[in-house]
file coords-v8.cif (mmCIF, C-alpha atoms and all ligand atoms)
data_upload
loop_
_atom_site.label_atom_id
_atom_site.label_comp_id
_atom_site.auth_asym_id
_atom_site.auth_seq_id
_atom_site.Cartn_x
_atom_site.Cartn_y
_atom_site.Cartn_z
CA MET A 26 0.00 0.00 0.00
CA LYS A 27 1.07 3.58 -0.52
CA ILE A 28 0.58 6.45 1.89
CA GLU A 29 1.00 9.94 0.50
CA VAL A 30 1.14 12.79 2.97
CA LYS A 31 0.84 16.19 1.32
CA GLY A 32 1.22 19.46 3.24
CA LEU A 33 -0.54 17.90 6.22
CA THR A 34 -1.33 20.46 8.91
CA LYS A 35 -3.28 20.06 12.14
CA LYS A 36 -4.15 22.87 14.52
CA TYR A 37 -5.77 22.49 17.92
CA GLY A 38 -6.89 26.07 18.55
CA ASN A 39 -3.65 28.03 18.26
CA LYS A 40 -1.47 24.94 18.75
CA LEU A 41 0.16 23.72 15.54
CA ALA A 42 0.48 19.96 16.13
CA LEU A 43 1.47 19.15 12.52
CA ASN A 44 3.07 21.83 10.41
CA ASN A 45 2.79 21.23 6.67
CA ILE A 46 4.45 17.80 6.52
CA SER A 47 4.89 15.91 3.25
CA PHE A 48 6.31 12.45 2.63
CA THR A 49 5.48 9.09 1.09
CA LEU A 50 5.53 5.62 2.64
CA ASP A 51 5.57 2.95 0.01
CA GLY A 52 5.20 -0.77 0.45
CA PRO A 53 5.59 -3.22 3.29
CA LYS A 54 8.23 -2.08 5.74
CA ILE A 55 8.66 -1.56 9.45
CA TYR A 56 8.69 2.20 9.94
CA GLY A 57 9.86 3.86 13.14
CA LEU A 58 8.03 7.11 13.86
CA LEU A 59 10.11 8.94 16.44
CA GLY A 60 10.08 12.26 18.20
CA ARG A 61 9.98 13.85 21.63
CA ASN A 62 6.78 14.30 23.64
CA GLY A 63 4.33 16.52 21.80
CA ALA A 64 6.11 16.19 18.43
CA GLY A 65 2.85 15.26 16.68
CA LYS A 66 3.19 11.47 16.33
CA THR A 67 -0.20 10.55 17.80
CA THR A 68 -1.93 13.31 15.86
CA PHE A 69 -0.43 11.97 12.64
CA MET A 70 -1.36 8.35 13.41
CA ASP A 71 -4.92 9.35 14.34
CA ILE A 72 -5.40 11.20 11.04
CA LEU A 73 -3.82 8.30 9.13
CA SER A 74 -6.27 5.87 10.76
CA GLY A 75 -9.27 8.07 9.95
CA HIS A 76 -9.87 8.87 13.65
CA ASN A 77 -9.17 12.57 13.26
CA THR A 78 -9.29 15.16 10.51
CA GLU A 79 -6.61 17.45 9.18
CA SER A 80 -6.85 21.26 9.26
CA SER A 81 -5.32 21.45 5.78
CA GLY A 82 -3.33 19.29 3.38
CA GLU A 83 -4.19 15.62 3.00
CA ILE A 84 -3.32 11.99 3.52
CA LEU A 85 -4.09 9.58 0.72
CA ILE A 86 -3.93 5.82 1.15
CA ASP A 87 -3.77 4.21 -2.26
CA GLY A 88 -5.32 7.44 -3.50
CA GLU A 89 -8.16 7.62 -0.95
CA ASN A 90 -8.77 9.78 2.12
CA PRO A 91 -8.99 7.58 5.25
CA PHE A 92 -11.55 9.69 7.14
CA ASP A 93 -14.94 7.98 7.32
CA ASN A 94 -13.78 5.48 4.70
CA GLN A 95 -15.26 2.03 5.30
CA ARG A 96 -13.04 0.30 2.76
CA LEU A 97 -9.87 1.60 4.39
CA THR A 98 -11.04 1.07 7.99
CA GLU A 99 -10.68 -2.68 7.70
CA LEU A 100 -7.20 -2.32 6.22
CA ILE A 101 -5.83 -0.20 9.08
CA CYS A 102 -5.39 -1.33 12.68
CA LEU A 103 -4.30 1.32 15.19
CA ILE A 104 -3.21 0.16 18.65
CA LYS A 105 -2.70 2.97 21.13
CA GLU A 106 -0.99 3.04 24.50
CA GLY A 107 -4.22 2.26 26.33
CA GLN A 108 -8.00 2.42 26.09
CA ASN A 109 -8.19 0.22 23.04
CA PHE A 110 -11.07 -1.86 24.44
CA SER A 111 -14.32 -1.44 26.39
CA LYS A 112 -13.65 -2.15 30.04
CA ASP A 113 -16.50 -4.65 30.42
CA LEU A 114 -15.42 -6.90 27.57
CA LYS A 115 -13.80 -10.22 28.42
CA VAL A 116 -10.54 -11.15 26.72
CA LYS A 117 -12.25 -14.01 24.89
CA ASN A 118 -14.94 -11.62 23.62
CA VAL A 119 -12.31 -9.29 22.21
CA LEU A 120 -11.07 -12.28 20.24
CA LYS A 121 -14.62 -12.94 19.00
CA ILE A 122 -15.41 -9.34 18.02
CA TYR A 123 -12.25 -8.18 16.29
CA PRO A 124 -12.35 -10.78 13.49
CA PHE A 125 -15.47 -8.94 12.24
CA PHE A 126 -13.42 -5.76 11.78
CA TYR A 127 -10.40 -7.30 10.10
CA PRO A 128 -10.84 -9.65 7.13
CA ASN A 129 -7.26 -10.99 7.43
CA TRP A 130 -7.67 -11.77 11.17
CA ASP A 131 -5.57 -14.77 12.31
CA GLN A 132 -7.44 -16.49 15.16
CA GLU A 133 -4.73 -19.09 15.74
CA LEU A 134 -2.13 -16.37 16.19
CA ALA A 135 -4.46 -14.46 18.54
CA GLU A 136 -5.00 -17.53 20.72
CA ASN A 137 -1.28 -18.33 20.79
CA LEU A 138 -0.47 -14.78 21.83
CA ILE A 139 -3.05 -14.84 24.62
CA LYS A 140 -1.29 -17.93 25.98
CA GLU A 141 2.16 -16.47 25.39
CA PHE A 142 1.26 -13.36 27.42
CA ASN A 143 -0.56 -15.40 30.11
CA LEU A 144 -3.87 -13.61 29.61
CA ASN A 145 -6.91 -15.27 31.15
CA PRO A 146 -9.61 -15.46 28.43
CA ASN A 147 -12.31 -14.99 31.11
CA SER A 148 -10.85 -11.80 32.58
CA LYS A 149 -12.65 -8.55 31.90
CA VAL A 150 -10.49 -5.77 30.46
CA LYS A 151 -11.08 -3.69 33.61
CA MET A 152 -9.48 -6.47 35.70
CA LEU A 153 -6.28 -6.54 33.63
CA SER A 154 -3.11 -4.82 34.79
CA LYS A 155 -1.75 -2.05 32.52
CA GLY A 156 0.84 -4.45 31.09
CA MET A 157 -1.79 -7.15 30.45
CA GLU A 158 -4.04 -4.64 28.69
CA SER A 159 -1.07 -3.67 26.53
CA ALA A 160 -0.47 -7.35 25.76
CA LEU A 161 -4.09 -7.62 24.61
CA GLY A 162 -3.58 -4.59 22.34
CA ILE A 163 -0.46 -6.13 20.87
CA THR A 164 -2.33 -9.40 20.33
CA VAL A 165 -5.07 -7.62 18.39
CA GLY A 166 -2.57 -5.55 16.41
CA LEU A 167 -0.55 -8.56 15.32
CA ALA A 168 -3.51 -10.90 14.76
CA SER A 169 -5.39 -8.26 12.73
CA LYS A 170 -2.86 -8.81 9.95
CA ALA A 171 -4.07 -5.43 8.72
CA PRO A 172 -2.00 -4.27 5.72
CA ILE A 173 -1.35 -1.07 7.69
CA THR A 174 -0.75 -1.89 11.34
CA ILE A 175 0.07 1.05 13.59
CA PHE A 176 1.46 0.75 17.11
CA ASP A 177 1.46 4.02 19.06
CA GLU A 178 3.58 3.37 22.19
CA PRO A 179 1.77 0.04 22.49
CA TYR A 180 3.39 -1.34 25.59
CA ILE A 181 2.80 0.83 28.61
CA GLY A 182 3.32 -1.30 31.72
CA LEU A 183 4.62 -4.29 29.76
CA ASP A 184 7.74 -5.81 31.31
CA ALA A 185 11.02 -6.27 29.43
CA PRO A 186 10.64 -10.05 28.72
CA SER A 187 7.14 -9.49 27.30
CA ARG A 188 8.37 -6.61 25.15
CA LYS A 189 11.15 -8.86 23.84
CA LYS A 190 8.57 -11.52 23.03
CA PHE A 191 6.47 -8.91 21.22
CA TYR A 192 9.41 -7.79 19.05
CA GLU A 193 10.32 -11.38 18.21
CA ILE A 194 6.78 -12.31 17.19
CA MET A 195 6.29 -9.08 15.27
CA LEU A 196 9.43 -9.80 13.27
CA GLU A 197 8.46 -13.44 12.64
CA GLU A 198 5.01 -12.40 11.46
CA TYR A 199 6.47 -9.67 9.30
CA GLN A 200 8.97 -12.02 7.67
CA GLU A 201 6.26 -14.56 6.95
CA GLN A 202 3.84 -11.97 5.60
CA PRO A 203 5.29 -8.49 5.10
CA ARG A 204 2.94 -5.56 5.74
CA MET A 205 3.26 -1.91 6.63
CA ILE A 206 3.99 -1.58 10.32
CA ILE A 207 4.29 1.93 11.73
CA PHE A 208 5.77 1.94 15.17
CA SER A 209 5.99 4.89 17.51
CA THR A 210 8.10 4.52 20.61
CA HIS A 211 10.33 6.26 23.10
CA LEU A 212 12.27 3.03 23.75
CA ILE A 213 14.48 3.63 20.72
CA ASP A 214 17.43 1.63 21.97
CA GLU A 215 15.26 -1.50 22.22
CA VAL A 216 13.64 -1.40 18.80
CA SER A 217 15.89 0.58 16.50
CA LEU A 218 17.26 -2.58 14.89
CA LEU A 219 13.76 -3.58 13.78
CA PHE A 220 13.13 -0.42 11.80
CA GLU A 221 13.76 -0.42 8.08
CA GLU A 222 12.92 3.24 7.68
CA VAL A 223 12.86 6.01 10.23
CA LEU A 224 10.84 9.22 10.35
CA ILE A 225 11.55 11.85 12.95
CA LEU A 226 9.09 14.58 13.87
CA ARG A 227 10.05 17.65 15.83
CA GLU A 228 7.45 20.18 16.97
CA GLY A 229 5.11 19.17 14.17
CA SER A 230 7.69 19.17 11.38
CA LEU A 231 9.33 16.24 9.64
CA VAL A 232 13.09 16.53 10.23
CA LEU A 233 14.26 13.19 8.88
CA GLN A 234 13.04 10.34 6.68
CA GLU A 235 15.76 7.82 5.98
CA GLU A 236 16.32 4.13 5.47
CA SER A 237 17.99 2.54 8.49
CA GLU A 238 20.50 0.87 6.21
CA ILE A 239 21.71 4.25 5.01
CA LEU A 240 21.86 5.63 8.54
CA ARG A 241 23.77 2.53 9.58
CA ASN A 242 26.28 2.50 6.72
CA ASN A 243 26.82 6.18 6.07
CA THR A 244 27.42 7.44 9.54
CA ILE A 245 30.85 7.24 11.09
CA ALA A 246 32.68 8.48 14.15
CA VAL A 247 36.13 9.84 13.26
CA SER A 248 38.84 10.71 15.75
CA GLY A 249 42.18 12.50 15.45
CA THR A 250 43.75 15.82 16.19
CA ILE A 251 41.44 18.82 16.01
CA GLU A 252 43.08 20.01 12.77
CA GLU A 253 42.84 16.60 11.08
CA VAL A 254 39.20 16.10 12.00
CA GLU A 255 38.22 19.68 11.09
CA ALA A 256 39.87 19.22 7.68
CA PHE A 257 37.97 15.97 7.09
CA VAL A 258 34.56 17.28 8.12
CA SER A 259 34.80 20.67 6.40
CA ASP A 260 32.64 19.53 3.43
CA LYS A 261 30.45 17.08 5.37
CA GLU A 262 27.25 17.13 7.35
CA VAL A 263 28.36 16.96 10.97
CA ILE A 264 26.00 15.43 13.50
CA GLU A 265 28.14 16.12 16.54
CA LYS A 266 31.70 17.07 17.53
CA LYS A 267 33.45 16.52 20.84
CA GLN A 268 36.86 17.81 21.90
CA LEU A 269 39.14 16.51 24.59
CA ALA A 270 42.79 17.39 25.28
CA GLY A 271 43.62 18.56 21.75
CA MET A 272 41.80 15.60 20.15
CA MET A 273 38.44 15.59 18.46
CA THR A 274 35.75 13.01 17.68
CA ALA A 275 33.07 13.88 15.13
CA TYR A 276 29.95 12.02 14.04
CA VAL A 277 29.44 12.69 10.34
CA TYR A 278 27.77 11.34 7.24
CA GLY A 279 30.65 9.71 5.34
CA THR A 280 32.37 6.40 4.61
CA VAL A 281 35.02 4.45 6.47
CA GLU A 282 37.26 4.39 3.36
CA GLU A 283 37.23 8.18 3.02
CA ALA A 284 38.13 8.70 6.67
CA LYS A 285 40.97 6.18 6.45
CA MET A 286 42.47 8.13 3.57
CA TYR A 287 42.80 11.05 5.97
CA GLY A 288 44.60 8.78 8.44
CA LEU A 289 41.80 9.15 10.99
CA THR A 290 40.61 6.55 13.46
CA VAL A 291 37.14 5.57 12.31
CA GLU A 292 34.25 3.58 13.81
CA GLY A 293 30.63 2.94 12.90
CA VAL A 294 27.97 4.64 15.01
CA PRO A 295 25.42 2.36 16.70
CA ILE A 296 22.10 3.08 15.06
CA GLN A 297 20.24 3.41 18.35
CA GLU A 298 22.70 6.07 19.50
CA LEU A 299 22.26 7.93 16.26
CA MET A 300 18.47 7.82 16.41
CA ILE A 301 18.39 8.98 20.00
CA TYR A 302 20.74 11.78 19.08
CA LEU A 303 18.74 12.82 16.01
CA THR A 304 15.51 12.77 18.01
CA GLU A 305 16.99 15.08 20.60
CA ARG A 306 19.16 17.28 18.42
CA LYS A 307 18.04 20.88 18.42
CA GLY A 308 17.61 22.57 15.05
CA ALA A 309 18.22 19.37 13.04
N1 LIG B 401 -6.98 17.17 21.55
C1 LIG B 401 -6.01 18.09 21.66
N2 LIG B 401 -6.28 19.37 22.00
C2 LIG B 401 -5.33 20.29 22.09
N3 LIG B 401 -4.01 20.07 21.88
C3 LIG B 401 -3.67 18.82 21.53
C4 LIG B 401 -4.63 17.76 21.41
N4 LIG B 401 -4.00 16.62 21.06
C5 LIG B 401 -2.67 16.93 20.96
N5 LIG B 401 -2.49 18.26 21.24
C6 LIG B 401 -1.20 18.96 21.21
O1 LIG B 401 -0.62 18.75 19.95
C7 LIG B 401 0.78 18.51 20.06
C8 LIG B 401 1.12 17.14 19.47
O2 LIG B 401 0.57 16.13 20.30
P1 LIG B 401 0.71 14.57 19.97
O3 LIG B 401 -0.06 13.85 21.01
O4 LIG B 401 0.34 14.37 18.55
O5 LIG B 401 2.29 14.35 20.15
P2 LIG B 401 3.12 13.00 20.36
O6 LIG B 401 4.33 13.14 19.51
O7 LIG B 401 2.23 11.83 20.12
O8 LIG B 401 3.53 13.08 21.89
P3 LIG B 401 3.81 11.89 22.97
O9 LIG B 401 5.10 11.27 22.57
O10 LIG B 401 3.91 12.66 24.26
O11 LIG B 401 2.62 10.97 22.91
C9 LIG B 401 1.11 18.64 21.55
O12 LIG B 401 1.55 19.94 21.80
C10 LIG B 401 -0.22 18.40 22.23
O13 LIG B 401 -0.29 19.09 23.45
#

call {"tool": "encode", "arguments": {"input": "coords-v8.cif", "output": "structure tokens"}}
result
Amino acid sequence: MKIEVKGLTKKYGNKLALNNISFTLDGPKIYGLLGRNGAGKTTFMDILSGHNTESSGEILIDGENPFDNQRLTELICLIKEGQNFSKDLKVKNVLKIYPFFYPNWDQELAENLIKEFNLNPNSKVKMLSKGMESALGITVGLASKAPITIFDEPYIGLDAPSRKKFYEIMLEEYQEQPRMIIFSTHLIDEVSLLFEEVLILREGSLVLQEESEILRNNTIAVSGTIEEVEAFVSDKEVIEKKQLAGMMTAYVYGTVEEAKMYGLTVEGVPIQELMIYLTERKGA
């Protein structure tokens, strides 16, 4: 499926939550949607899922607007950080109702996940802990097999082993049957390796859209004397520079081979470090 975002703007009163963003997501991939609190991620995902409307600009999914669009509703599954389900529903009823919304629903996967996360089918949603409710959301998101599956901070309260399980199963499912998965999270260091493409929002603007492979291969940390490093980086995009006792280390877009020609010490930059840095960098 293809998502085209054109000049998308959302205002809440005077607050500009999305400021004229444009980009395209094309085909099955795991996308990381990153940004600090209030960057506009949830607003974007709500509009994409047809749960909210834009102030101006548009989102087109395979050429159609998602708002109030029955055909697209069954192709998009949005799992939020909580309040995905009515409190009086039992877990087993969630598994009976959701197949009606999603034509590709995988009941076997849903039942396996319920067991995997130790959810009691007879428990009502209101009796579940925060982590268990998140596990139910994750179960529905994965089992929906919706061609566009969106996870907005889906794991509040979920412990580290359960999150690990979630990532593993998500990857297995994706490899078996690729689909578009859009994943918003603040736990970048945990999930960065899953992303194939990364989008970073800052204060409502899109500041980066890049394939992880390119971020991974084209970013290096070079070290040497201040003069040597400054000479090397003079024509490059510098992410960060640090100086210590006459020596300098710089994170830049460049290749290992190039840096070696300058006689510099060169290392790759861990992708999670880079993403965390890019998310936080002012004025990027
Ligand atoms: N219903 C609303 N009414 C008024 N302002 C809103 C509303 N929803 C969001 N905002 C504002 O819009 C901006 C973007 O919010 P949004 O929830 O989209 O960000 P986010 O990136 O998802 O943040 P977080 O990571 O904290 O969930 C914020 O400044 C927020 O306060």

call {"tool": "residues_near_point", "arguments": {"input": "coords-v8.cif", "point": "(0.7, 0.1, 33.2)", "cutoff": "12 Å", "atoms": "only C-alpha atoms", "output": "list of chain:residue names"}}
result
A:Glu106, A:Gly107, A:Gln108, A:Leu153, A:Ser154, A:Lys155, A:Gly156, A:Met157, A:Glu158, A:Ser159, A:Ala160, A:Glu178, A:Pro179, A:Tyr180, A:Ile181, A:Gly182, A:Leu183, A:Asp184

call {"tool": "residues_around", "arguments": {"input": "coords-v8.cif", "residues": "stretch 85-99 of chain A", "least_positions_apart": "3", "cutoff": "6 Å", "atoms": "only C-alpha atoms", "output": "PDB file with C-alpha atoms, keeping the file's coordinate frame"}}
result
ATOM      1  CA  LYS A  27       1.070   3.580  -0.520  1.00  0.00           C
ATOM      2  CA  ILE A  28       0.580   6.450   1.890  1.00  0.00           C
ATOM      3  CA  GLU A  29       1.000   9.940   0.500  1.00  0.00           C
ATOM      4  CA  GLY A  75      -9.270   8.070   9.950  1.00  0.00           C
ATOM      5  CA  PHE A 126     -13.420  -5.760  11.780  1.00  0.00           C
ATOM      6  CA  TYR A 127     -10.400  -7.300  10.100  1.00  0.00           C
TER       7      TYR A 127
END

call {"tool": "atom_distance", "arguments": {"input": "coords-v8.cif", "atom1": "atom CA of A:Leu269", "atom2": "atom CA of A:Ala284"}}
result
19.6 Å

call {"tool": "atom_distance", "arguments": {"input": "coords-v8.cif", "atom1": "atom CA of A:Leu226", "atom2": "atom CA of A:Asp71"}}
result
15.0 Å

call {"tool": "residues_near_ligand", "arguments": {"input": "coords-v8.cif", "ligand": "ligand LIG 401 (chain B)", "cutoff": "7 Å", "atoms": "only C-alpha atoms and all ligand atoms", "output": "PyMOL selection string"}}
result
chain A and resi 37-38+40-42+60-69+229

call {"tool": "atom_distance", "arguments": {"input": "coords-v8.cif", "atom1": "atom CA of A:Gln297", "atom2": "atom CA of A:Ala168"}}
result
28.0 Å

call {"tool": "residues_around", "arguments": {"input": "coords-v8.cif", "residues": "A:Val150", "least_positions_apart": "2", "cutoff": "6 Å", "atoms": "all atoms listed in the file", "output": "list in words"}}
result
Lys112, Leu114, Lys115, Met152 and Leu153 of chain A

call {"tool": "closest_atom_pairs", "arguments": {"input": "coords-v8.cif", "of": "stretch 136-248 of chain A", "to": "stretch 50-57 of chain A", "cutoff": "8 Å", "atoms": "all atoms listed in the file", "output": "CSV"}}
result
residue,atom,partner,partner_atom,distance
A:Pro203,CA,A:Pro53,CA,5.6
A:Arg204,CA,A:Pro53,CA,4.3
A:Met205,CA,A:Pro53,CA,4.3
A:Ile206,CA,A:Ile55,CA,4.8
A:Ile207,CA,A:Tyr56,CA,4.8
A:Phe208,CA,A:Gly57,CA,5.0
A:Ser209,CA,A:Gly57,CA,5.9
A:Thr210,CA,A:Gly57,CA,7.7
A:Ser217,CA,A:Gly57,CA,7.6
A:Leu219,CA,A:Ile55,CA,7.0
A:Phe220,CA,A:Ile55,CA,5.2
A:Glu221,CA,A:Ile55,CA,5.4
A:Glu222,CA,A:Tyr56,CA,4.9
A:Val223,CA,A:Gly57,CA,4.7
A:Leu224,CA,A:Gly57,CA,6.1

call {"tool": "closest_residue", "arguments": {"input": "coords-v8.cif", "among": "A:Glu228, A:Asp177, A:Glu215, A:Glu262", "to": "A:Met70", "atoms": "only C-alpha atoms"}}
result
A:Asp177

call {"tool": "residues_around", "arguments": {"input": "coords-v8.cif", "residues": "A:Ala270", "least_positions_apart": "6", "cutoff": "12 Å", "atoms": "all atoms listed in the file", "output": "number ranges by chain"}}
result
A: 249-251

call {"tool": "write_last_selection", "arguments": {"input": "coords-v8.cif", "atoms": "C-alpha atoms", "output": "short mmCIF file (atom, residue, chain, number, x, y, z; two decimals), keeping the file's coordinate frame"}}
result
data_model
loop_
_atom_site.label_atom_id
_atom_site.label_comp_id
_atom_site.auth_asym_id
_atom_site.auth_seq_id
_atom_site.Cartn_x
_atom_site.Cartn_y
_atom_site.Cartn_z
CA GLY A 249 42.18 12.50 15.45
CA THR A 250 43.75 15.82 16.19
CA ILE A 251 41.44 18.82 16.01
#

call {"tool": "residues_near_point", "arguments": {"input": "coords-v8.cif", "point": "(43.0, 13.9, 13.4)", "cutoff": "12 Å", "atoms": "all atoms listed in the file", "output": "NGL selection string"}}
result
:A and (246-258 or 268 or 271-275 or 284-291)

call {"tool": "residues_around", "arguments": {"input": "coords-v8.cif", "residues": "A:Asn45", "least_positions_apart": "2", "cutoff": "8 Å", "atoms": "only C-alpha atoms", "output": "PyMOL selection string"}}
result
chain A and resi 31-34+43+47+82+230

call {"tool": "axis_aligned_box", "arguments": {"input": "coords-v8.cif", "around": "stretch 292-298 of chain A", "padding_each_side": "6 Å", "output": "AutoDock Vina command-line options"}}
result
--center_x 27.2 --center_y 4.2 --center_z 16.2 --size_x 26.0 --size_y 15.7 --size_z 18.6

call {"tool": "closest_residue", "arguments": {"input": "coords-v8.cif", "among": "A:Ile264, A:Gln202, A:Gly279, A:Gly166", "to": "A:Asn109", "atoms": "all atoms listed in the file"}}
result
A:Gly166

call {"tool": "build_atoms", "arguments": {"input": "coords-v8.cif", "residues": "stretch 264-284 of chain A", "atoms": "N, CA and C atoms", "output": "short mmCIF file (atom, residue, chain, number, x, y, z; two decimals), in the frame of the given file"}}
result
data_model
loop_
_atom_site.label_atom_id
_atom_site.label_comp_id
_atom_site.auth_asym_id
_atom_site.auth_seq_id
_atom_site.Cartn_x
_atom_site.Cartn_y
_atom_site.Cartn_z
N ILE A 264 27.09 15.65 12.55
CA ILE A 264 26.00 15.43 13.50
C ILE A 264 26.42 15.96 14.87
N GLU A 265 27.67 15.67 15.23
CA GLU A 265 28.14 16.12 16.54
C GLU A 265 29.66 16.13 16.57
N LYS A 266 30.24 17.05 17.35
CA LYS A 266 31.70 17.07 17.53
C LYS A 266 32.00 17.17 19.02
N LYS A 267 33.03 16.42 19.44
CA LYS A 267 33.45 16.52 20.84
C LYS A 267 34.96 16.72 20.88
N GLN A 268 35.41 17.57 21.78
CA GLN A 268 36.86 17.81 21.90
C GLN A 268 37.36 17.41 23.26
N LEU A 269 38.54 16.84 23.30
CA LEU A 269 39.14 16.51 24.59
C LEU A 269 40.66 16.52 24.43
N ALA A 270 41.33 17.34 25.22
CA ALA A 270 42.79 17.39 25.28
C ALA A 270 43.44 17.42 23.89
N GLY A 271 43.00 18.38 23.07
CA GLY A 271 43.62 18.56 21.75
C GLY A 271 43.15 17.56 20.70
N MET A 272 42.33 16.60 21.10
CA MET A 272 41.80 15.60 20.15
C MET A 272 40.32 15.88 19.91
N MET A 273 39.86 15.37 18.78
CA MET A 273 38.44 15.59 18.46
C MET A 273 37.81 14.31 17.92
N THR A 274 36.55 14.08 18.29
CA THR A 274 35.75 13.01 17.68
C THR A 274 34.54 13.68 17.04
N ALA A 275 34.25 13.31 15.80
CA ALA A 275 33.07 13.88 15.13
C ALA A 275 32.22 12.76 14.55
N TYR A 276 30.90 12.92 14.71
CA TYR A 276 29.95 12.02 14.04
C TYR A 276 29.54 12.71 12.75
N VAL A 277 29.77 12.05 11.63
CA VAL A 277 29.44 12.69 10.34
C VAL A 277 28.85 11.67 9.38
N TYR A 278 28.17 12.20 8.35
CA TYR A 278 27.77 11.34 7.24
C TYR A 278 29.00 11.18 6.35
N GLY A 279 29.47 9.95 6.16
CA GLY A 279 30.65 9.71 5.34
C GLY A 279 30.96 8.22 5.35
N THR A 280 32.04 7.83 4.66
CA THR A 280 32.37 6.40 4.61
C THR A 280 33.68 6.13 5.34
N VAL A 281 33.83 4.89 5.76
CA VAL A 281 35.02 4.45 6.47
C VAL A 281 36.26 4.65 5.58
N GLU A 282 36.12 4.31 4.29
CA GLU A 282 37.26 4.39 3.36
C GLU A 282 37.79 5.82 3.27
N GLU A 283 36.86 6.76 3.12
CA GLU A 283 37.23 8.18 3.02
C GLU A 283 38.03 8.61 4.25
N ALA A 284 37.50 8.26 5.42
CA ALA A 284 38.13 8.70 6.67
C ALA A 284 39.53 8.08 6.81
#
